[in-house]
Amino acid sequence: MEMKIFLSVAIALFAGLMLTRVFKKAGLNFPDVTAFLIAGLIIGPYGIGRFGLKGVGFSTYQDIQSVNIINQTALGFIAFSIGSEFRLEELKHTGKAATVIGIVQAVVASLIVDIVLIALHFVLGESVLPMTVAIVLGAIASATAPAATLMVVRQYKADGPLTRLLLPIVALDDAVGLVVFSISFGIAQAMQVGNLDVISIIVNPILEIFFSLLLGGGLGFVLSKIEKLFYSNSNRLSMTISFVLMTIALSYLKIPVGPAEISFSALLVCMMLGTVFCNTSEYSGDIMRRSEKWTAPLNATFFVLSGAALELNVFSNPVYVLIGITYILSRSFGKYMGARLSAQAMNCPQNVVKYLGITLLPQAGVALGMVNQAAALGGTTASIIRNVTLFGVLIYEMVGPLMTRNALRDAGEIAPIPAHKQDRERFQTTDRR
């Protein structure tokens with residue numbers, strides 16, 4: 001079993017890296033994220049895995065789940081890195097705009113998807129598109145994938161007003177998405193059982209966000225103090241890695257408090273860990289640069305595994321395709337218009353107004369986490385939610401990174417890099433902040 005796991009991870013990383021070379025030799029200037037995702041499809045259950053070759057590729061989704069610890073670890077470090085973008089000296093300039101835009105674009109996307117899908121519900125009927133499905137999918141639409149966005153920014157060393165505003169918005173988006181989803185999911189459950197549960201709709205989401213931020217902030221403060229005990233940056237890096245892993249582990253805790261429950265969001269906890277650490281530790285700049293290099297292969301493996309987990313059978317049902325296309329178009333419109341209008345209201349530069357919404361389209365990990373929770377609705381409702389979301393994730397993850405790259409390039413925040421330097425610097429980062 002151990003040999004199979006190690007071999008699977010090795011093949012995933014190897015396939016992802018080799019496909020970036022194939023794309024480059026073929027003149028296809030795709031972001032690395034796209035290459036990794038396609039590599040995952042190739043070695044996944046719908047590619048090589050279909051032939052049942054033991055030790056080569058992933059034959060089933062159970063095989064992918066067997067290395068799920070890689071995904072959880074990578075998401076923790078990605079959230080930690082995004083949290084480091086909340087530096088107080090920069091938030092003085094972008095904090096208000098990032099907060100307003102982050103909330104508005106998430107809520108607008110959710111409302112537009114809700115309105116469109118509810119209208120489609122009356123056309124198709126309750127048996128085809130239940131009202132509860134429309135409500136939950138509207139909430140899932142608010143979530144954006146921070147991992148893909150961060151990977152594109154790192155690869156192309158993007159920097160400028162758009163990039164500096166984008167990363168805090170993506171981080172805030174997850175917190176807003178969790179609130180919106182918790183409320184919508186509670187309403188959907190209440191519609192099924194005919195009883196409005198205030199605790200699950202309001203109390204539990206507030207507790208989750210508050211205690212996630214509290215736990216992450218406390219661990220970040222402790223980490224910044226412990227780092228001072230070491231004189232070697234290598235040892236400081238090792239301590240940082242241990243804290244991120246510890247934070248991921250603690251986020252699995254669930255603490256009952258009477259009728260309510262205190263739970264934690266791994267993304268929010270790790271984001272807060274990175275935020276507090278980078279604002280209280282004098283060594284944070286160097287540690288983050290070293291951490292980004294250390295986690296580069298981990299992140300590459302994460303995206304390959306994400307590609308392998310995409311289910312192509314969602315295309316087999318015309319109803320899922322119809323609802324999925326409607327979901328994608330309405331969510332894209334909501335994200336774009338919500339970001340554009342709020343950026344205009346905050347007097348952001350024209351390039352930010354024009355391109356910000358495009359960079360907020362990728363969707364993956366957070367949305368899939370919401371799908372897992374929505375499984376509690378059971379039956380046809382849970383099945384439609386899962387398949388439509390998977391349809392959206394498949395499309396967004398394939399085209400989202402490319403659109404993000406193009407938007408940042410058109411905004412003038414990606415400097416041209418000679419081909420030989422791109423290879424040399426693929427997993428290097430430059431701290432321009």
# chains A, B, ... in the order shown; residues from 1 in each chain; ligands from 1
$ residues_around --residues "stretch 301-317 of chain A" --least-positions-apart "3" --cutoff "8 Å" --atoms "only C-alpha atoms" --output "ChimeraX atom specification"
/A:9,12-13,16,33,36-46,58,61,64,70-71,74,297-298,320-321,387-388,390-391,393-394
$ closest_atom_pairs --of "stretch 78-116 of chain A" --to "stretch 244-254 of chain A" --cutoff "12 Å" --atoms "only C-alpha atoms" --output "JSON lines"
{"residue": "A:Ile78", "atom": "CA", "partner": "A:Val244", "partner_atom": "CA", "distance": 10.3}
{"residue": "A:Ala79", "atom": "CA", "partner": "A:Val244", "partner_atom": "CA", "distance": 9.7}
{"residue": "A:Phe80", "atom": "CA", "partner": "A:Val244", "partner_atom": "CA", "distance": 7.4}
{"residue": "A:Ser81", "atom": "CA", "partner": "A:Val244", "partner_atom": "CA", "distance": 10.5}
{"residue": "A:Gly83", "atom": "CA", "partner": "A:Val244", "partner_atom": "CA", "distance": 11.9}
$ closest_residue --among "A:Asn68, A:Asn351, A:Asn279, A:Ser8" --to "A:Gly49" --atoms "only C-alpha atoms"
A:Ser8
$ select_by_dssp --residues "stretch 198-267 of chain A" --states "helix (DSSP H, G or I)" --output "VMD selection string"
chain A and resid 198 to 227 233 to 250 266 to 267
$ select_by_dssp --residues "stretch 170-280 of chain A" --states "strand (DSSP E)" --output "mmCIF file with N, CA and C atoms, in the first residue's frame"
data_model
loop_
_atom_site.group_PDB
_atom_site.id
_atom_site.type_symbol
_atom_site.label_atom_id
_atom_site.label_comp_id
_atom_site.auth_asym_id
_atom_site.auth_seq_id
_atom_site.Cartn_x
_atom_site.Cartn_y
_atom_site.Cartn_z
ATOM 1 N N LYS A 254 -14.068 19.688 16.348
ATOM 2 C CA LYS A 254 -15.470 20.103 16.448
ATOM 3 C C LYS A 254 -15.852 20.055 17.912
ATOM 4 N N ILE A 255 -16.296 21.195 18.439
ATOM 5 C CA ILE A 255 -16.576 21.310 19.862
ATOM 6 C C ILE A 255 -18.049 21.646 20.074
ATOM 7 N N PRO A 256 -18.834 20.718 20.596
ATOM 8 C CA PRO A 256 -20.253 21.016 20.845
ATOM 9 C C PRO A 256 -20.410 21.994 22.006
ATOM 10 N N VAL A 257 -21.272 22.973 21.809
ATOM 11 C CA VAL A 257 -21.584 23.955 22.856
ATOM 12 C C VAL A 257 -23.102 24.049 22.946
ATOM 13 N N ALA A 260 -25.443 24.305 19.769
ATOM 14 C CA ALA A 260 -24.569 24.793 18.702
ATOM 15 C C ALA A 260 -23.286 23.967 18.658
ATOM 16 N N GLU A 261 -22.438 24.291 17.684
ATOM 17 C CA GLU A 261 -21.186 23.568 17.525
ATOM 18 C C GLU A 261 -20.099 24.506 17.036
ATOM 19 N N ILE A 262 -18.947 24.459 17.698
ATOM 20 C CA ILE A 262 -17.785 25.251 17.254
ATOM 21 C C ILE A 262 -16.960 24.378 16.313
ATOM 22 N N SER A 263 -16.880 24.790 15.064
ATOM 23 C CA SER A 263 -16.034 24.103 14.087
ATOM 24 C C SER A 263 -15.089 25.124 13.472
#
$ atom_distance --atom1 "atom CA of A:Ile287" --atom2 "atom CA of A:Leu172"
23.2 Å
$ residues_around --residues "stretch 324-339 of chain A" --least-positions-apart "5" --cutoff "6 Å" --atoms "only C-alpha atoms" --output "list in words"
Ile101, Val104, Gln105, Val108, Ala109, Ile112, Val113, Ala141, Gly357, Val388, Phe391 and Gly392 of chain A
$ write_last_selection --atoms "C-alpha atoms" --output "PDB file, in the first residue's frame"
ATOM      1  CA  ILE A 101     -15.190  44.623  -3.372  1.00  0.00           C
ATOM      2  CA  VAL A 104     -19.994  42.883  -2.970  1.00  0.00           C
ATOM      3  CA  GLN A 105     -18.726  40.616  -5.761  1.00  0.00           C
ATOM      4  CA  VAL A 108     -23.815  39.790  -6.230  1.00  0.00           C
ATOM      5  CA  ALA A 109     -22.650  36.525  -7.830  1.00  0.00           C
ATOM      6  CA  ILE A 112     -27.655  36.529  -9.665  1.00  0.00           C
ATOM      7  CA  VAL A 113     -27.166  32.747  -9.732  1.00  0.00           C
ATOM      8  CA  ALA A 141     -21.255  30.493  -6.701  1.00  0.00           C
ATOM      9  CA  GLY A 357     -13.779  40.453 -12.310  1.00  0.00           C
ATOM     10  CA  VAL A 388     -23.497  20.842 -11.503  1.00  0.00           C
ATOM     11  CA  PHE A 391     -19.310  20.707 -14.181  1.00  0.00           C
ATOM     12  CA  GLY A 392     -18.533  24.304 -13.220  1.00  0.00           C
TER      13      GLY A 392
END
$ closest_residue --among "A:Phe30, A:Phe122, A:Phe6, A:Phe243" --to "A:Leu223" --atoms "only C-alpha atoms"
A:Phe243
$ residues_around --residues "A:Pro168" --least-positions-apart "3" --cutoff "12 Å" --atoms "only C-alpha atoms" --output "PDB file with C-alpha atoms, in the first residue's frame"
ATOM      1  CA  ALA A  79      -4.024  29.696   2.549  1.00  0.00           C
ATOM      2  CA  SER A  81       0.658  32.261   1.723  1.00  0.00           C
ATOM      3  CA  ILE A  82      -2.482  34.232   0.865  1.00  0.00           C
ATOM      4  CA  GLY A  83      -2.789  35.316   4.484  1.00  0.00           C
ATOM      5  CA  SER A  84       0.650  36.885   4.213  1.00  0.00           C
ATOM      6  CA  GLU A  85      -0.806  39.321   1.657  1.00  0.00           C
ATOM      7  CA  PHE A  86      -2.700  41.059   4.474  1.00  0.00           C
ATOM      8  CA  ARG A  87       0.236  43.236   5.496  1.00  0.00           C
ATOM      9  CA  LEU A  88      -0.888  46.258   7.475  1.00  0.00           C
ATOM     10  CA  GLU A  90      -0.398  47.700   2.328  1.00  0.00           C
ATOM     11  CA  LEU A  91      -3.887  47.353   3.776  1.00  0.00           C
ATOM     12  CA  HIS A  93      -3.959  51.661   0.911  1.00  0.00           C
ATOM     13  CA  THR A  94      -6.098  48.736  -0.276  1.00  0.00           C
ATOM     14  CA  GLY A  95      -7.877  47.456   2.840  1.00  0.00           C
ATOM     15  CA  LYS A  96     -11.131  49.408   2.440  1.00  0.00           C
ATOM     16  CA  ALA A  97     -11.400  48.738  -1.289  1.00  0.00           C
ATOM     17  CA  ALA A  98     -10.544  45.037  -0.873  1.00  0.00           C
ATOM     18  CA  THR A  99     -13.168  44.627   1.861  1.00  0.00           C
ATOM     19  CA  VAL A 100     -15.957  46.340  -0.061  1.00  0.00           C
ATOM     20  CA  ILE A 101     -15.190  44.623  -3.372  1.00  0.00           C
ATOM     21  CA  GLY A 102     -14.643  41.227  -1.715  1.00  0.00           C
ATOM     22  CA  ILE A 103     -18.070  41.322  -0.079  1.00  0.00           C
ATOM     23  CA  PRO A 146      -7.413  31.013  -4.143  1.00  0.00           C
ATOM     24  CA  THR A 149      -5.015  32.550  -8.624  1.00  0.00           C
ATOM     25  CA  LEU A 150      -1.983  32.474  -6.344  1.00  0.00           C
ATOM     26  CA  PRO A 161      -2.511  47.698  -8.342  1.00  0.00           C
ATOM     27  CA  LEU A 162      -4.648  44.838  -9.681  1.00  0.00           C
ATOM     28  CA  THR A 163      -2.482  42.079  -8.178  1.00  0.00           C
ATOM     29  CA  ARG A 164      -2.135  43.808  -4.808  1.00  0.00           C
ATOM     30  CA  LEU A 165      -5.917  44.179  -4.605  1.00  0.00           C
ATOM     31  CA  ALA A 171      -8.760  35.596   0.742  1.00  0.00           C
ATOM     32  CA  LEU A 172     -11.760  37.591   1.991  1.00  0.00           C
ATOM     33  CA  ASP A 173     -13.966  35.870  -0.574  1.00  0.00           C
ATOM     34  CA  ASP A 174     -13.683  32.574   1.306  1.00  0.00           C
ATOM     35  CA  ALA A 175     -14.934  34.091   4.540  1.00  0.00           C
ATOM     36  CA  MET A 271      -4.946  32.447   6.368  1.00  0.00           C
ATOM     37  CA  MET A 272      -5.100  34.093   9.784  1.00  0.00           C
ATOM     38  CA  THR A 275      -1.607  37.222   8.398  1.00  0.00           C
ATOM     39  CA  LEU A 360     -12.144  36.030  -9.801  1.00  0.00           C
TER      40      LEU A 360
END
$ residues_around --residues "A:Glu227" --least-positions-apart "3" --cutoff "8 Å" --atoms "only C-alpha atoms" --output "NGL selection string"
:A and (223-224 or 230 or 236 or 239 or 281 or 283)
$ atom_distance --atom1 "atom CA of A:Gly274" --atom2 "atom CA of A:Ser212"
12.8 Å
$ atom_distance --atom1 "atom CA of A:Ile118" --atom2 "atom CA of A:Ala134"
5.7 Å
$ decode --residues "stretch 247-361 of chain A" --atoms "C-alpha atoms" --output "mmCIF file, in the first residue's frame"
data_model
loop_
_atom_site.group_PDB
_atom_site.id
_atom_site.type_symbol
_atom_site.label_atom_id
_atom_site.label_comp_id
_atom_site.auth_asym_id
_atom_site.auth_seq_id
_atom_site.Cartn_x
_atom_site.Cartn_y
_atom_site.Cartn_z
ATOM 1 C CA THR A 247 -2.953 24.394 12.253
ATOM 2 C CA ILE A 248 -4.375 22.085 9.595
ATOM 3 C CA ALA A 249 -4.728 19.317 12.170
ATOM 4 C CA LEU A 250 -6.458 21.536 14.755
ATOM 5 C CA SER A 251 -8.940 22.775 12.148
ATOM 6 C CA TYR A 252 -10.557 19.319 12.194
ATOM 7 C CA LEU A 253 -11.738 19.879 15.771
ATOM 8 C CA LYS A 254 -15.470 20.103 16.448
ATOM 9 C CA ILE A 255 -16.576 21.310 19.862
ATOM 10 C CA PRO A 256 -20.253 21.016 20.845
ATOM 11 C CA VAL A 257 -21.584 23.955 22.856
ATOM 12 C CA GLY A 258 -25.134 23.166 23.877
ATOM 13 C CA PRO A 259 -27.285 23.007 20.719
ATOM 14 C CA ALA A 260 -24.569 24.793 18.702
ATOM 15 C CA GLU A 261 -21.186 23.568 17.525
ATOM 16 C CA ILE A 262 -17.785 25.251 17.254
ATOM 17 C CA SER A 263 -16.034 24.103 14.087
ATOM 18 C CA PHE A 264 -13.128 25.536 12.137
ATOM 19 C CA SER A 265 -12.386 26.332 8.508
ATOM 20 C CA ALA A 266 -8.878 25.133 7.617
ATOM 21 C CA LEU A 267 -8.580 27.871 4.988
ATOM 22 C CA LEU A 268 -9.546 30.679 7.369
ATOM 23 C CA VAL A 269 -7.370 29.368 10.206
ATOM 24 C CA CYS A 270 -4.285 29.057 7.970
ATOM 25 C CA MET A 271 -4.946 32.447 6.368
ATOM 26 C CA MET A 272 -5.100 34.093 9.784
ATOM 27 C CA LEU A 273 -1.946 32.238 10.829
ATOM 28 C CA GLY A 274 -0.124 33.756 7.831
ATOM 29 C CA THR A 275 -1.607 37.222 8.398
ATOM 30 C CA VAL A 276 -0.601 37.516 12.049
ATOM 31 C CA PHE A 277 2.797 35.904 11.494
ATOM 32 C CA CYS A 278 3.722 38.247 8.646
ATOM 33 C CA ASN A 279 2.638 41.312 10.606
ATOM 34 C CA THR A 280 4.408 40.409 13.856
ATOM 35 C CA SER A 281 7.604 38.623 12.784
ATOM 36 C CA GLU A 282 10.650 40.455 11.456
ATOM 37 C CA TYR A 283 11.760 37.251 9.739
ATOM 38 C CA SER A 284 8.509 36.716 7.820
ATOM 39 C CA GLY A 285 9.748 38.068 4.473
ATOM 40 C CA ASP A 286 12.628 35.610 4.203
ATOM 41 C CA ILE A 287 10.605 32.742 5.652
ATOM 42 C CA MET A 288 7.794 33.247 3.123
ATOM 43 C CA ARG A 289 10.257 33.269 0.203
ATOM 44 C CA ARG A 290 11.817 30.023 1.442
ATOM 45 C CA SER A 291 8.394 28.507 2.118
ATOM 46 C CA GLU A 292 7.200 29.257 -1.427
ATOM 47 C CA LYS A 293 10.171 27.356 -2.872
ATOM 48 C CA TRP A 294 9.659 24.428 -0.511
ATOM 49 C CA THR A 295 5.953 24.119 -1.333
ATOM 50 C CA ALA A 296 6.294 24.457 -5.144
ATOM 51 C CA PRO A 297 6.312 20.672 -5.824
ATOM 52 C CA LEU A 298 3.566 20.186 -3.227
ATOM 53 C CA ASN A 299 1.346 22.707 -5.029
ATOM 54 C CA ALA A 300 2.104 21.134 -8.426
ATOM 55 C CA THR A 301 1.055 17.719 -7.097
ATOM 56 C CA PHE A 302 -2.095 19.262 -5.627
ATOM 57 C CA PHE A 303 -3.230 20.592 -8.996
ATOM 58 C CA VAL A 304 -2.469 17.325 -10.790
ATOM 59 C CA LEU A 305 -4.544 15.446 -8.204
ATOM 60 C CA SER A 306 -7.291 18.051 -8.574
ATOM 61 C CA GLY A 307 -7.336 17.396 -12.314
ATOM 62 C CA ALA A 308 -7.496 13.642 -11.740
ATOM 63 C CA ALA A 309 -10.492 14.127 -9.428
ATOM 64 C CA LEU A 310 -12.556 15.969 -12.061
ATOM 65 C CA GLU A 311 -15.489 13.816 -13.145
ATOM 66 C CA LEU A 312 -16.141 13.911 -16.895
ATOM 67 C CA ASN A 313 -19.340 11.894 -16.585
ATOM 68 C CA VAL A 314 -21.209 15.101 -15.731
ATOM 69 C CA PHE A 315 -21.403 15.646 -19.491
ATOM 70 C CA SER A 316 -23.467 12.469 -19.918
ATOM 71 C CA ASN A 317 -26.701 13.975 -18.552
ATOM 72 C CA PRO A 318 -28.216 16.794 -20.693
ATOM 73 C CA VAL A 319 -30.019 18.234 -17.664
ATOM 74 C CA TYR A 320 -26.760 18.657 -15.746
ATOM 75 C CA VAL A 321 -25.197 20.254 -18.818
ATOM 76 C CA LEU A 322 -28.068 22.745 -19.163
ATOM 77 C CA ILE A 323 -28.086 23.679 -15.485
ATOM 78 C CA GLY A 324 -24.262 23.722 -15.475
ATOM 79 C CA ILE A 325 -24.020 26.116 -18.421
ATOM 80 C CA THR A 326 -26.639 28.363 -16.822
ATOM 81 C CA TYR A 327 -24.717 28.264 -13.549
ATOM 82 C CA ILE A 328 -21.390 29.121 -15.231
ATOM 83 C CA LEU A 329 -22.758 32.007 -17.303
ATOM 84 C CA SER A 330 -24.749 33.580 -14.466
ATOM 85 C CA ARG A 331 -21.902 33.200 -11.958
ATOM 86 C CA SER A 332 -19.373 34.686 -14.394
ATOM 87 C CA PHE A 333 -21.673 37.640 -15.044
ATOM 88 C CA GLY A 334 -22.249 38.147 -11.322
ATOM 89 C CA LYS A 335 -18.548 37.995 -10.446
ATOM 90 C CA TYR A 336 -17.592 40.360 -13.257
ATOM 91 C CA MET A 337 -20.320 42.944 -12.677
ATOM 92 C CA GLY A 338 -20.061 42.776 -8.896
ATOM 93 C CA ALA A 339 -16.309 43.412 -9.052
ATOM 94 C CA ARG A 340 -16.610 46.075 -11.760
ATOM 95 C CA LEU A 341 -19.356 48.124 -10.096
ATOM 96 C CA SER A 342 -17.817 47.978 -6.617
ATOM 97 C CA ALA A 343 -14.347 48.832 -7.999
ATOM 98 C CA GLN A 344 -15.845 51.844 -9.745
ATOM 99 C CA ALA A 345 -17.558 52.901 -6.532
ATOM 100 C CA MET A 346 -14.206 52.678 -4.701
ATOM 101 C CA ASN A 347 -12.495 54.828 -7.385
ATOM 102 C CA CYS A 348 -10.030 52.095 -8.322
ATOM 103 C CA PRO A 349 -7.733 52.526 -11.357
ATOM 104 C CA GLN A 350 -9.355 51.787 -14.715
ATOM 105 C CA ASN A 351 -7.319 48.604 -15.248
ATOM 106 C CA VAL A 352 -8.601 47.256 -11.921
ATOM 107 C CA VAL A 353 -12.192 48.095 -12.853
ATOM 108 C CA LYS A 354 -11.814 46.445 -16.261
ATOM 109 C CA TYR A 355 -9.936 43.256 -15.396
ATOM 110 C CA LEU A 356 -10.572 42.409 -11.719
ATOM 111 C CA GLY A 357 -13.779 40.453 -12.310
ATOM 112 C CA ILE A 358 -12.082 38.151 -14.827
ATOM 113 C CA THR A 359 -9.446 37.120 -12.288
ATOM 114 C CA LEU A 360 -12.144 36.030 -9.801
ATOM 115 C CA LEU A 361 -13.647 33.283 -11.987
#
